[in-house]
There are 2 protein chains.
Amino acid sequence: MTPDIDPCWLPARALASLGTRRVLVLAGDAPVAGAVTAEVATATSAHGGAQAAPGEHADVVLATLSGLASLPSGDPESADTVAAALVAARDAAEAEPLGPESFLTVRRDGVTVVLGGEGAGLLYGLHHLVRRGAAAGVAAGRTVPDAGEAAVERHAPAQPIRMLDHWDNIAADTPMGAVERGYAGASIFYADGRVREDLSRVEQYARLLASTGVNAVGLNNVNVHRREAELLTTALPDVARLAAVFRAQGIRVYLSVDFAAPITLAGMATSDPLDEGVQDWWARAAADVYAQIPDFGGFVVKADSEGRPGPFAYGRDHADGANMLARALAPFGGTVFWRAFVYDHRQDWRDRTTDRARAAYDHFAPLDGRFDPNVVVQVKNGPIDFQVREPISPVITAMPRTRLAVELQVTQEYTGQQKHVCYLGAQWEEYFGVRLWGDDRTLADVVGGVTAVSNVGDDAFWTGHPLAQANLYAFGRMAWDPTLGAGDVLDEWIALTFGSDEAVAATVRAVMADSWRTLELYTAPLGVGFMVRPNHHYGPDVDGYEYTPWGTYHFADRDGIGVDRTRATGTGYTGQYPAPWDDVYESLDTCPDEFLLFFHHVPYSHVLHSGSTVVQHIYDTHFAGVERVEEMARAWATLEGAVPDAVFARVTERLVEQRRSAVEWRDQINTYFLRKSGVPDAHGRRIF
Amino acid sequence: MTPDIDPCWLPARALASLGTRRVLVLAGDAPVAGAVTAEVATATSAHGGAQAAPGEHADVVLATLSGLASLPSGDPESADTVAAALVAARDAAEAEPLGPESFLTVRRDGVTVVLGGEGAGLLYGLHHLVRRGAAAGVAAGRTVPDAGEAAVERHAPAQPIRMLDHWDNIAADTPMGAVERGYAGASIFYADGRVREDLSRVEQYARLLASTGVNAVGLNNVNVHRREAELLTTALPDVARLAAVFRAQGIRVYLSVDFAAPITLAGMATSDPLDEGVQDWWARAAADVYAQIPDFGGFVVKADSEGRPGPFAYGRDHADGANMLARALAPFGGTVFWRAFVYDHRQDWRDRTTDRARAAYDHFAPLDGRFDPNVVVQVKNGPIDFQVREPISPVITAMPRTRLAVELQVTQEYTGQQKHVCYLGAQWEEYFGVRLWGDDRTLADVVGGVTAVSNVGDDAFWTGHPLAQANLYAFGRMAWDPTLGAGDVLDEWIALTFGSDEAVAATVRAVMADSWRTLELYTAPLGVGFMVRPNHHYGPDVDGYEYTPWGTYHFADRDGIGVDRTRATGTGYTGQYPAPWDDVYESLDTCPDEFLLFFHHVPYSHVLHSGSTVVQHIYDTHFAGVERVEEMARAWATLEGAVPDAVFARVTERLVEQRRSAVEWRDQINTYFLRKSGVPDAHGRRIF
C-alpha cells in the first residue's frame with residue numbers, strides 16, 4: 001500500500017486483536033480462502049501473533065466445513081481445546097446449515113472458532129472479529145475479542161443484495177467529468193480511456209468493501225456513453241481483470257449497459273426488446289461475458305430516463321425491456337437491475353398537474369407481477385432524487401410480486417459533496433426503520449436488497465472528506481443488517497479508524513453523529529428540497545430549479561410555500577401510499593413537520609407541530625445550522641495531534657468551507673423568505 | 001468564394017450599379033489600389049461594364065491625387081467630359097485637402113468621379129457608390145448612381161477609430177469555447193491550435209468590413225490565455241499573414257495582450273509596469289512585432305478585471321500600466337486600448353453599499369490627464385455590461401483630457417444570442433444621440449472612436465442568424481457617421497442584401513426595425529437588467545444573479561423592486577453624471593421610465609410616466625413582446641420565395657426559437673412578479 005493512501009477503517013492497528021493471537025486457518029474451498037489467509041498473515045506478522053498449523057495450539061480458528069473436512073483424520077482431534085471448540089462449531093452448523101455468506105462463532109476454553117459458509121462467509125466472520133476487537137479496545141482498553149463463552153452466535157446478511165454502483169466514466173470528456181457526481185478525484189477503475197493497468201487501488205477498495213459486507217459492484221455509470229458501452233464487448237478482457245480483483249473478496253461485478261447497444265455497438269436498426277435479432281444479440285453478448293467471467297453479476301440499466309434510450313421508443317414497457325435482458329442472463333444465473341428512476345425531465349413548470357414525485361409509481365406499480373424472477377427493480381429511497389429529506393418512495397409498497405432493491409446515495413450529491421460533514425447513517429436508519437403498512441414490517445423487511453452510489457475516487461482519502469469514509473462503511477454494515485443503529489455503526493467506524501481513545505471517539509462522535517440533521521437545518525426547509533444551484537447541485541439557489549423542466553418546484557409566493565400533493569386539492573400523490581400513510585401525509589394535523597412542504601402548500605404563518613410558524617422555523621433552523629457547524633469546527637479543532645496530521649488538516653480545511661457554505665445557505669434562504677413573506681425574524685437577528 | 005458561404009450585403013447584384021458602367025481606376029499609390037481594382041474588375045465582368053484605360057471614355061472614375069499625377073500628360077485631358085470632371089475633383093481637393101480616409105464625389109456631364117485620400121479613402125468612396133446604387137435601385141428601379149450634377153460631396157469619417165474586437169480563442173478548450181460569447185460557429189481566424197492555413201474567409205470578411213468603413217480589428221479575446229499570448233511572440237509570422245489580408249482592405253490589426261506576459265511568456269519574476277526589465281521586455285516585444293508588421297495597430301488590454309492580471313498587483317494604477325505599454329508602442333506609432341471594464345467581481349450580495357455601476361468611473365475618472373497620448377481608454381457604453389437597456393456610462397463625461405473610445409457589443413450576448421432578431425442599430429442611435437452636458441454635444445462628439453465585439457464565426461451566414469448581419473453592417477456605418485439614423489442604415493443594408501423589391505424591403509423592415517425594443521419588452525423590465533440564466537446569459541432567470549458575487553442585483557421583494565442609485569438614499573451613482581443628468585436621474589419625476597429600476601427602488605404600485613403601474617407595465621410589456629414576435633414571424637413567412645431559400649429557412653427556424661424563448665420570458669417574468677407582488681393582471685390574462 002502506498003503510504004500516501006489512507007487506510008480508511010482498516011489501518012494496521014485495527015487488526016491488532018487478531019494479529020496478536022495464534023490463528024489457524026482452515027478455509028477449505030472457500031473462494032475467499034486467499035483473502036482470509038492474507039489478512040491473517042499480514043495481521044499476525046504486524047502484531048506478534050502467529051499462524052498456527054493444524055495440530056498446533058490456536059487461539060482463533062477460521063474455518064469452513066470443507067476446511068474441517070480436509071484435516072488429516074477427517075476430524076479435528078489434534079489439540080484438545082481447539083478440537084472441542086471445532087466440534088461445537090461443526091455441530092452447530094450441522095444442526096442449522098450455514099448459508100454461503102453466513103458465519104457462526106463459538107468460544108470455548110479460550111479458543112474462538114469462526115465457521116463460515118462456503119461463499120464469503122468466512123471473510124465476513126474474520127472482519128466481524130476485527131470489528132469486535134476494535135470495539136472491545138475502545139470499551140475496555142482490551143485487545144481480545146469478547147465473544148461470550150460457549151454461546152453460539154449466528155450471523156447472516158439480512159439482504160442478499162448489498163451493492164455499490166459506480167458512476168464512473170471511462171472518457172474524461174463525458175458530461176460531468178470522469179466520475180459523475182464524484183467528489184473525490186478521478187475513477188479508481190479507469191484512466192487514459194481504459195481500465196487502469198495498475199489495479200492495486202482496486203484491490204484495497206475491494207478489501208474495504210468486503211470488510212463491510214458489500215458483495216456486488218457496478219463498474220460503470222448508469223449513463224452509458226459510447227466508450228463505456230464497449231465494456232460489454234471489446235473491453236471484456238479488462239472487465240475480467242477487475243472481476244478477478246473483486247472475486248477474491250467475495251464481490252461480483254455488474255455492468256451498466258446501454259439499452260440501445262444493438263444499434264450503437266452492433267449497427268442494428270433497432271433495439272426493440274421484442275425483436276428476435278435484438279434478443280439474440282443480447283444472448284450472445286451475455287454468453288461472451290460469462291465465457292470470460294463465470295460469476296458475472298449481471299446488468300444495471302437506466303432506460304427511458306433523463307434521455308437514455310429504452311423500450312418506450314418501440315411502444316414496449318419496462319417489463320418488456322427488463323425481461324428481454326433477464327432472459328439473456330438467466331442461463332448463466334445473472335440478474336438485471338432495472339432502475340425505477342423514470343420521470344418526465346422535460347416537464348413544463350407551468351403545469352401544476354404533473355408531479356415528478358408520482359412518476360416512478362405511475363410507471364412501475366401497474367407492472368407488478370410482470371417482471372421475470374431474475375429482474376430486480378431498483379427504486380430510489382425517495383420519490384424525487386436523493387434530497388437531504390424525502391419520504392420513502394411508495395413504489396416500495398406497491399410491488400409485492402416483484403423483487404425490489406432500494407437505491408441510496410453514498411456520494412453526497414445533494415448533501416454537501418464531501419465538503420460538508422454529513423453522516424448519512426442517520427438518514428438510512430430512518431429509512432430502514434419506516435413501518436410502511438401500519439404493522440411491524442419495515443422497509444428492511446420488504447426489499448430484497450440495498451444498492452447505493454459509491455463515493456470514492458483516487459483521492460488519497462478515497463472520499464475527499466476523510467469523515468465521508470464513514471458513509472461508505474455504514475452503507476455496507478447497514479445493508480448487511482438494516483436494524484443496526486446509525487450511532488452504533490458510527491462507533492464501530494470510529495473505533496476501527498481512530499482507535500481506542502474514548503476522548504477522541506467522543507469528539508469525533510460529537511462532530512459526526514448529528515451532522516445529517518445539521519445539514520438539513522441550513523439547507524432546504526421542511527422537506528421541500530432542491531433549492532440548489534442547477535447542474536452542479538452545490539450551494540443555495542432558491543429559485544434555481546423553479547422555472548426549469550426538471551419537475552422540482554417549491555411554488556413559493558408572497559403568501560406561502562410548498563407543493564400540494566394531497567388527494568383533496570393537489571396532485572394526489574399521497575394516494576400512492578398504503579394506509580395509514582395515505583391519510584397521515586394527507587392531513588395537516590398528522591403530516592410530520594419534516595415533510596410538511598413536500599406534501600402541502602401552506603401560508604408562512606402556518607403553525608408547525610413544533611409550535612413555530614413556517615417562516616420563523618426557516619429563520620430559526622438556518623441560524624441554528626450555522627451555529628452547529630461552528631460547534632463542530634470547535635470540537636474538531638481539539639483533535640490536533642490526536643488524529644493523523646493529514647486527516648486533521650483535510651477535515652479542518654473542509655470545515656472552513658462548510659461554515660462558509662452554511663453561512664451562504666443561511667443568508668440566501670433567510671433573505672429570500674424575508675423578502676417574499678415580509679415577516680421579520682421574531683428574534684431580530686440580521687437578515688439581509 | 002465558396003457558394004455555400006453567404007455573401008452578406010455584397011452579393012454580386014449589389015455591385016450592379018458599378019458593374020454596368022465603364023470604370024476608370026487611377027488609384028496611384030493608395031494601399032487599397034489592389035482592392036479597388038479587384039472590385040471594379042469583378043463587378044464589370046459580372047454585369048457587362050468595362051474597365052476603361054486612361055484616354056478612353058468612362059462613366060465613373062475612381063482616383064486618388066497620386067493616381068491623377070501618374071497620367072501621361074500629368075493632366076487629365078485625354079477625354080473631354082472625363083477631363084472636366086477630373087479637373088473639378090482635383091480643384092476641390094486642392095481647395096480643401098482630403099484626409100487619408102476621406103473622399104469626395106463629383107458628377108459632371110454624366111461622369112462620376114470619386115477622388116479618395118491616400119489611405120483607404122478611395123475604397124470607401126467605391127463602396128459609397130455601391131450603396132448609393134443599391135439604394136437608388138430600391139428607390140426608383142434604376143441602377144445608376146444618383147449623385148447630384150456638379151455638386152461636390154465630401155465624406156470623411158466622424159471617428160478615426162472604427163474597430164471590431166474579436167473574442168476569439170485559439171485553443172478550443174479555453175473557457176466558453178473557441179469564440180467567447182460567439183454564436184456563429186468557430187473562429188474564422190484560428191483552427192487546430194493556430195492561425196488557419198486557408199485565410200479566404202478572412203479575405204471575404206475584411207472586404208465586408210472595409211465596405212462599412214471599419215479600419216481596425218482586434219485579433220484575439222481580451223481574456224488572453226497562454227496560447228493566445230504567444231501571438232505576440234512565437235506566432236508572429238501567422239499574425240503577419242492575417243495583417244496582410246486586412247491591410248489590403250485598409251484595416252490595421254491589434255492584439256489583445258496578457259499584462260502578465262513578462263511572467264507567463266518570459267519567465268520573469270514580475271510584470272510591474274515600473275520595473276525596467278518589464279519595460280524593456282515590452283519594448284523589445286513591440287519592436288519585434290513592428291519588424292514583421294510595420295502598420296501594426298497596437299494592444300488591447302483587459303487588466304485587473306474579472307481575474308485578469310494587471311498593475312494593481314504591484315500597487316500601480318491603470319495609468320501606470322497603460323502608459324508603460326504605450327511607451328513600448330510609441331516609437332512605432334502604435335496605440336494601447338485599455339479597457340475601463342473594471343469592477344469587483346467578488347462582491348458580497350449582502351453589501352448594498354458597493355455598486356458595480358460606480359466602478360469604472362471610480363477607477364478611471366481620477367486618472368484623467370494621466371494617460372499618454374497614444375492610450376485610448378475603452379469604455380463600455382453602459383456602466384454594467386451590454387444589457388438591452390443601460391444609461392450611458394458616465395466615464396465618457398468624466399475624462400476630457402483622455403482619449404476615449406466607446407465599446408459596443410455587436411455579438412448578441414444579452415440580446416438573444418443571434419437566435420433572436422435584434423437590430424442593434426436602434427440601440428446605438430440612442431447612445432450616439434445622447435446629449436450629455438445639456439448642450440448640443442452628443443456622445444458622438446465626445447469620444448474619439450468606437451469599438452465593438454464582433455458577431456461573426458465560421459457559420460455559413462457568418463452570424464448564425466442571417467438578420468444579425470445587419471448589426472455588423474450598422475456598426476461600421478454608424479462608427480463612420482454616428483449621426484446616421486438606424487432606420488436609414490437598415491434601409492441601406494436591406495437594399496444591398498435583398499435588392500430593389502420594395503415589398504420585400506418593407507417586410508424585412510417590419511421584422512427588424514423595432515426588434516430591439518421588442519426584445520426589451522419581453523426581457524428584464526425598466527432597465528433593471530441581468531435577469532438571465534447565469535454564465536451562458538440566454539433565457540430568463542429572475543433570481544439567477546441575485547445572490548451571486550457579480551454585482552448585478554434587482555432587490556425585488558414583496559413590495560417593490562429596483563436599485564436605489566440616488567445620492568439621497570442610495571449608492572450615489574447618479575452623482576457621477578454631469579448636470580442636468582445627475583438630477584434628471586435622481587428624481588422620480590424626471591427619470592425616464594426605461595431607466596426607472598436602474599436608478600430607483602420603487603413599489604410595484606409606482607405609477608410610471610406612461611400612466612401604468614410598475615407591475616402592470618411588466619405584465620403588459622411581456623404580453624406585448626410575445627405578440628410582436630408573433631407578428632414578426634407572420635411577416636417573415638410572407639417572404640418565402642422572395643428571399644434566398646437558405647436565408648428564409650434559417651430565419652424561419654430561428655423565429656420559432658425566438659417565439660418559444662419570448663413565451664418563456666413572458667411567463668417566468670410575469671409569474672415571478674405575480675407571486676411576489678400578489679397584484680393580479682388588470683386584464684385578467686393568464687399568468688402561471
# chains A, B, ... in the order shown; residues from 1 in each chain; ligands from 1

call {"tool": "closest_atom_pairs", "arguments": {"of": "chain A", "to": "chain B", "cutoff": "6 Å", "atoms": "only C-alpha atoms", "output": "Markdown table"}}
result
| residue | atom | partner | partner_atom | distance |
| --- | --- | --- | --- | --- |
| A:Arg350 | CA | B:Phe688 | CA | 5.8 |
| A:Asp557 | CA | B:Arg675 | CA | 4.4 |
| A:Arg558 | CA | B:Lys676 | CA | 5.1 |
| A:Arg675 | CA | B:Asp557 | CA | 4.4 |
| A:Lys676 | CA | B:Arg558 | CA | 5.1 |
| A:Phe688 | CA | B:Arg350 | CA | 5.8 |

call {"tool": "residues_around", "arguments": {"residues": "region 79-85 of chain A", "least_positions_apart": "4", "cutoff": "8 Å", "atoms": "only C-alpha atoms", "output": "PyMOL selection string"}}
result
chain A and resi 55-59+61+89+106-113

call {"tool": "write_last_selection", "arguments": {"atoms": "N, CA and C atoms", "output": "tab-separated table (two decimals), in the first residue's frame"}}
result
chain	number	residue	atom	x	y	z
A	55	GLY	N	-3.09	-29.05	14.20
A	55	GLY	CA	-2.40	-29.81	15.24
A	55	GLY	C	-1.72	-28.93	16.26
A	56	GLU	N	-1.39	-27.70	15.89
A	56	GLU	CA	-0.82	-26.77	16.86
A	56	GLU	C	-1.93	-26.07	17.64
A	57	HIS	N	-1.51	-25.52	18.78
A	57	HIS	CA	-2.49	-24.77	19.53
A	57	HIS	C	-2.83	-23.47	18.79
A	58	ALA	N	-4.08	-23.05	18.92
A	58	ALA	CA	-4.52	-21.79	18.32
A	58	ALA	C	-5.49	-21.11	19.26
A	59	ASP	N	-5.45	-19.77	19.23
A	59	ASP	CA	-6.45	-19.00	19.99
A	59	ASP	C	-7.71	-18.79	19.16
A	61	VAL	N	-9.62	-19.94	15.42
A	61	VAL	CA	-9.67	-20.79	14.24
A	61	VAL	C	-10.67	-20.19	13.27
A	89	ALA	N	-18.57	-26.01	16.97
A	89	ALA	CA	-18.93	-25.21	15.80
A	89	ALA	C	-19.54	-26.07	14.72
A	106	VAL	N	-18.07	-19.48	17.90
A	106	VAL	CA	-18.14	-20.24	19.15
A	106	VAL	C	-16.88	-19.90	19.94
A	107	ARG	N	-17.01	-19.72	21.25
A	107	ARG	CA	-15.82	-19.54	22.08
A	107	ARG	C	-15.89	-20.57	23.19
A	108	ARG	N	-14.84	-21.36	23.28
A	108	ARG	CA	-14.84	-22.43	24.28
A	108	ARG	C	-13.41	-22.62	24.78
A	109	ASP	N	-13.26	-22.59	26.08
A	109	ASP	CA	-11.95	-22.80	26.69
A	109	ASP	C	-10.88	-21.89	26.09
A	110	GLY	N	-11.26	-20.65	25.85
A	110	GLY	CA	-10.27	-19.70	25.37
A	110	GLY	C	-10.01	-19.77	23.88
A	111	VAL	N	-10.66	-20.67	23.19
A	111	VAL	CA	-10.48	-20.78	21.75
A	111	VAL	C	-11.72	-20.20	21.05
A	112	THR	N	-11.48	-19.28	20.11
A	112	THR	CA	-12.58	-18.71	19.33
A	112	THR	C	-12.59	-19.37	17.96
A	113	VAL	N	-13.74	-19.92	17.60
A	113	VAL	CA	-13.87	-20.51	16.27
A	113	VAL	C	-14.86	-19.66	15.48

call {"tool": "closest_residue", "arguments": {"among": "A:Asn215, A:Gln387, A:Gln204, A:Ser500", "to": "Phe296 (chain A)", "atoms": "only C-alpha atoms"}}
result
A:Asn215

call {"tool": "select_by_dssp", "arguments": {"residues": "region 377-595 of chain B", "states": "helix (DSSP H, G or I)", "output": "count of residues only"}}
result
77

call {"tool": "atom_distance", "arguments": {"atom1": "CA of Ala229 (chain B)", "atom2": "CA of Asp198 (chain B)"}}
result
21.9 Å

call {"tool": "residues_around", "arguments": {"residues": "Pro294 (chain A)", "least_positions_apart": "6", "cutoff": "12 Å", "atoms": "only C-alpha atoms", "output": "list in words"}}
result
Ala240, Ala243, Ala244, Arg247, Arg252, Val253, Ala286, Ala287, Asp288, Leu329, Pro331, Phe332, Gly333 and Gly334 of chain A

call {"tool": "write_last_selection", "arguments": {"atoms": "N, CA and C atoms", "output": "PDB file, in the first residue's frame"}}
result
ATOM      1  N   ALA A 240     -12.734  -8.455 -17.060  1.00  0.00           N
ATOM      2  CA  ALA A 240     -12.377  -9.712 -16.386  1.00  0.00           C
ATOM      3  C   ALA A 240     -11.262  -9.489 -15.363  1.00  0.00           C
ATOM      4  N   ALA A 243     -12.955  -8.043 -12.441  1.00  0.00           N
ATOM      5  CA  ALA A 243     -13.766  -9.074 -11.787  1.00  0.00           C
ATOM      6  C   ALA A 243     -12.892  -9.973 -10.910  1.00  0.00           C
ATOM      7  N   ALA A 244     -11.692 -10.270 -11.385  1.00  0.00           N
ATOM      8  CA  ALA A 244     -10.798 -11.150 -10.611  1.00  0.00           C
ATOM      9  C   ALA A 244     -10.395 -10.486  -9.300  1.00  0.00           C
ATOM     10  N   ARG A 247     -13.514 -10.624  -7.097  1.00  0.00           N
ATOM     11  CA  ARG A 247     -13.875 -12.006  -6.763  1.00  0.00           C
ATOM     12  C   ARG A 247     -13.123 -12.489  -5.529  1.00  0.00           C
ATOM     13  N   ARG A 252     -19.109  -9.742  -6.635  1.00  0.00           N
ATOM     14  CA  ARG A 252     -19.379  -9.947  -8.057  1.00  0.00           C
ATOM     15  C   ARG A 252     -19.523  -8.595  -8.750  1.00  0.00           C
ATOM     16  N   VAL A 253     -19.164  -8.563  -9.995  1.00  0.00           N
ATOM     17  CA  VAL A 253     -19.224  -7.304 -10.739  1.00  0.00           C
ATOM     18  C   VAL A 253     -20.408  -7.292 -11.708  1.00  0.00           C
ATOM     19  N   ALA A 286     -24.294 -11.791 -23.574  1.00  0.00           N
ATOM     20  CA  ALA A 286     -24.244 -12.375 -22.233  1.00  0.00           C
ATOM     21  C   ALA A 286     -23.338 -13.612 -22.231  1.00  0.00           C
ATOM     22  N   ALA A 287     -23.494 -14.450 -23.237  1.00  0.00           N
ATOM     23  CA  ALA A 287     -22.667 -15.661 -23.297  1.00  0.00           C
ATOM     24  C   ALA A 287     -21.187 -15.300 -23.374  1.00  0.00           C
ATOM     25  N   ASP A 288     -20.888 -14.268 -24.145  1.00  0.00           N
ATOM     26  CA  ASP A 288     -19.486 -13.840 -24.254  1.00  0.00           C
ATOM     27  C   ASP A 288     -18.945 -13.366 -22.901  1.00  0.00           C
ATOM     28  N   LEU A 329     -29.555 -13.252 -19.573  1.00  0.00           N
ATOM     29  CA  LEU A 329     -28.681 -13.564 -18.437  1.00  0.00           C
ATOM     30  C   LEU A 329     -29.074 -14.846 -17.710  1.00  0.00           C
ATOM     31  N   PRO A 331     -29.655 -18.013 -18.305  1.00  0.00           N
ATOM     32  CA  PRO A 331     -28.947 -19.290 -18.402  1.00  0.00           C
ATOM     33  C   PRO A 331     -27.661 -19.321 -17.574  1.00  0.00           C
ATOM     34  N   PHE A 332     -27.166 -18.136 -17.232  1.00  0.00           N
ATOM     35  CA  PHE A 332     -25.890 -18.062 -16.520  1.00  0.00           C
ATOM     36  C   PHE A 332     -26.054 -17.617 -15.069  1.00  0.00           C
ATOM     37  N   GLY A 333     -27.306 -17.451 -14.651  1.00  0.00           N
ATOM     38  CA  GLY A 333     -27.535 -17.047 -13.267  1.00  0.00           C
ATOM     39  C   GLY A 333     -27.382 -15.563 -13.023  1.00  0.00           C
ATOM     40  N   GLY A 334     -27.432 -14.774 -14.070  1.00  0.00           N
ATOM     41  CA  GLY A 334     -27.256 -13.323 -13.909  1.00  0.00           C
ATOM     42  C   GLY A 334     -28.562 -12.598 -13.614  1.00  0.00           C
TER      43      GLY A 334
END

call {"tool": "residues_around", "arguments": {"residues": "Thr497 (chain B)", "least_positions_apart": "6", "cutoff": "8 Å", "atoms": "only C-alpha atoms", "output": "list in words"}}
result
Cys8, Trp9, Leu10, Pro11 and Ala14 of chain B

call {"tool": "residues_around", "arguments": {"residues": "region 608-612 of chain B", "least_positions_apart": "4", "cutoff": "9 Å", "atoms": "only C-alpha atoms", "output": "list of chain:residue names"}}
result
B:Asp589, B:Thr590, B:Pro592, B:Asp593, B:Leu596, B:Gln616, B:His617

call {"tool": "residues_around", "arguments": {"residues": "Val626 (chain B)", "least_positions_apart": "3", "cutoff": "8 Å", "atoms": "only C-alpha atoms", "output": "list in words"}}
result
Tyr522, His622, Phe623, Val629, Glu630, Arg659, Ala662, Val663 and Arg666 of chain B

call {"tool": "atom_distance", "arguments": {"atom1": "CA of Val114 (chain B)", "atom2": "CA of Val130 (chain B)"}}
result
11.8 Å

call {"tool": "residues_around", "arguments": {"residues": "region 38-45 of chain B", "least_positions_apart": "2", "cutoff": "8 Å", "atoms": "only C-alpha atoms", "output": "JSON, numbers by chain"}}
result
{"B": [12, 15, 16, 18, 19, 20, 21, 22, 23, 34, 35, 36, 47, 48, 49, 50, 51]}

call {"tool": "write_last_selection", "arguments": {"atoms": "C-alpha atoms", "output": "CSV table (one decimal), in the first residue's frame"}}
result
chain,number,residue,atom,x,y,z
B,12,ALA,CA,-22.9,40.2,-56.9
B,15,LEU,CA,-22.5,45.9,-57.4
B,16,ALA,CA,-24.6,46.1,-60.5
B,18,LEU,CA,-21.0,50.0,-60.7
B,19,GLY,CA,-20.5,46.9,-62.8
B,20,THR,CA,-22.7,48.0,-65.7
B,21,ARG,CA,-20.6,51.1,-66.2
B,22,ARG,CA,-17.3,51.9,-67.9
B,23,VAL,CA,-14.9,52.5,-65.0
B,34,GLY,CA,-5.4,46.4,-55.4
B,35,ALA,CA,-8.7,46.1,-53.6
B,36,VAL,CA,-10.3,48.9,-55.7
B,47,HIS,CA,-22.5,43.0,-65.1
B,48,GLY,CA,-21.4,43.9,-68.6
B,49,GLY,CA,-19.5,47.1,-67.9
B,50,ALA,CA,-15.8,47.5,-68.6
B,51,GLN,CA,-12.6,48.8,-67.2

call {"tool": "closest_residue", "arguments": {"among": "B:Glu657, B:Glu101, B:Asp514, B:Asp320", "to": "Gln418 (chain B)", "atoms": "only C-alpha atoms"}}
result
B:Glu657

call {"tool": "closest_residue", "arguments": {"among": "A:Ala184, A:Val395, A:Met478, A:Ile618", "to": "Gln576 (chain A)", "atoms": "only C-alpha atoms"}}
result
A:Val395

call {"tool": "select_by_dssp", "arguments": {"residues": "region 350-432 of chain A", "states": "strand (DSSP E or B)", "output": "VMD selection string"}}
result
chain A and resid 375 to 380 403 to 409

call {"tool": "atom_distance", "arguments": {"atom1": "CA of Ile170 (chain A)", "atom2": "CA of Val179 (chain B)"}}
result
28.4 Å

call {"tool": "closest_residue", "arguments": {"among": "A:Ser515, A:Phe461, A:Leu126, A:Ala216", "to": "Glu631 (chain A)", "atoms": "only C-alpha atoms"}}
result
A:Ser515
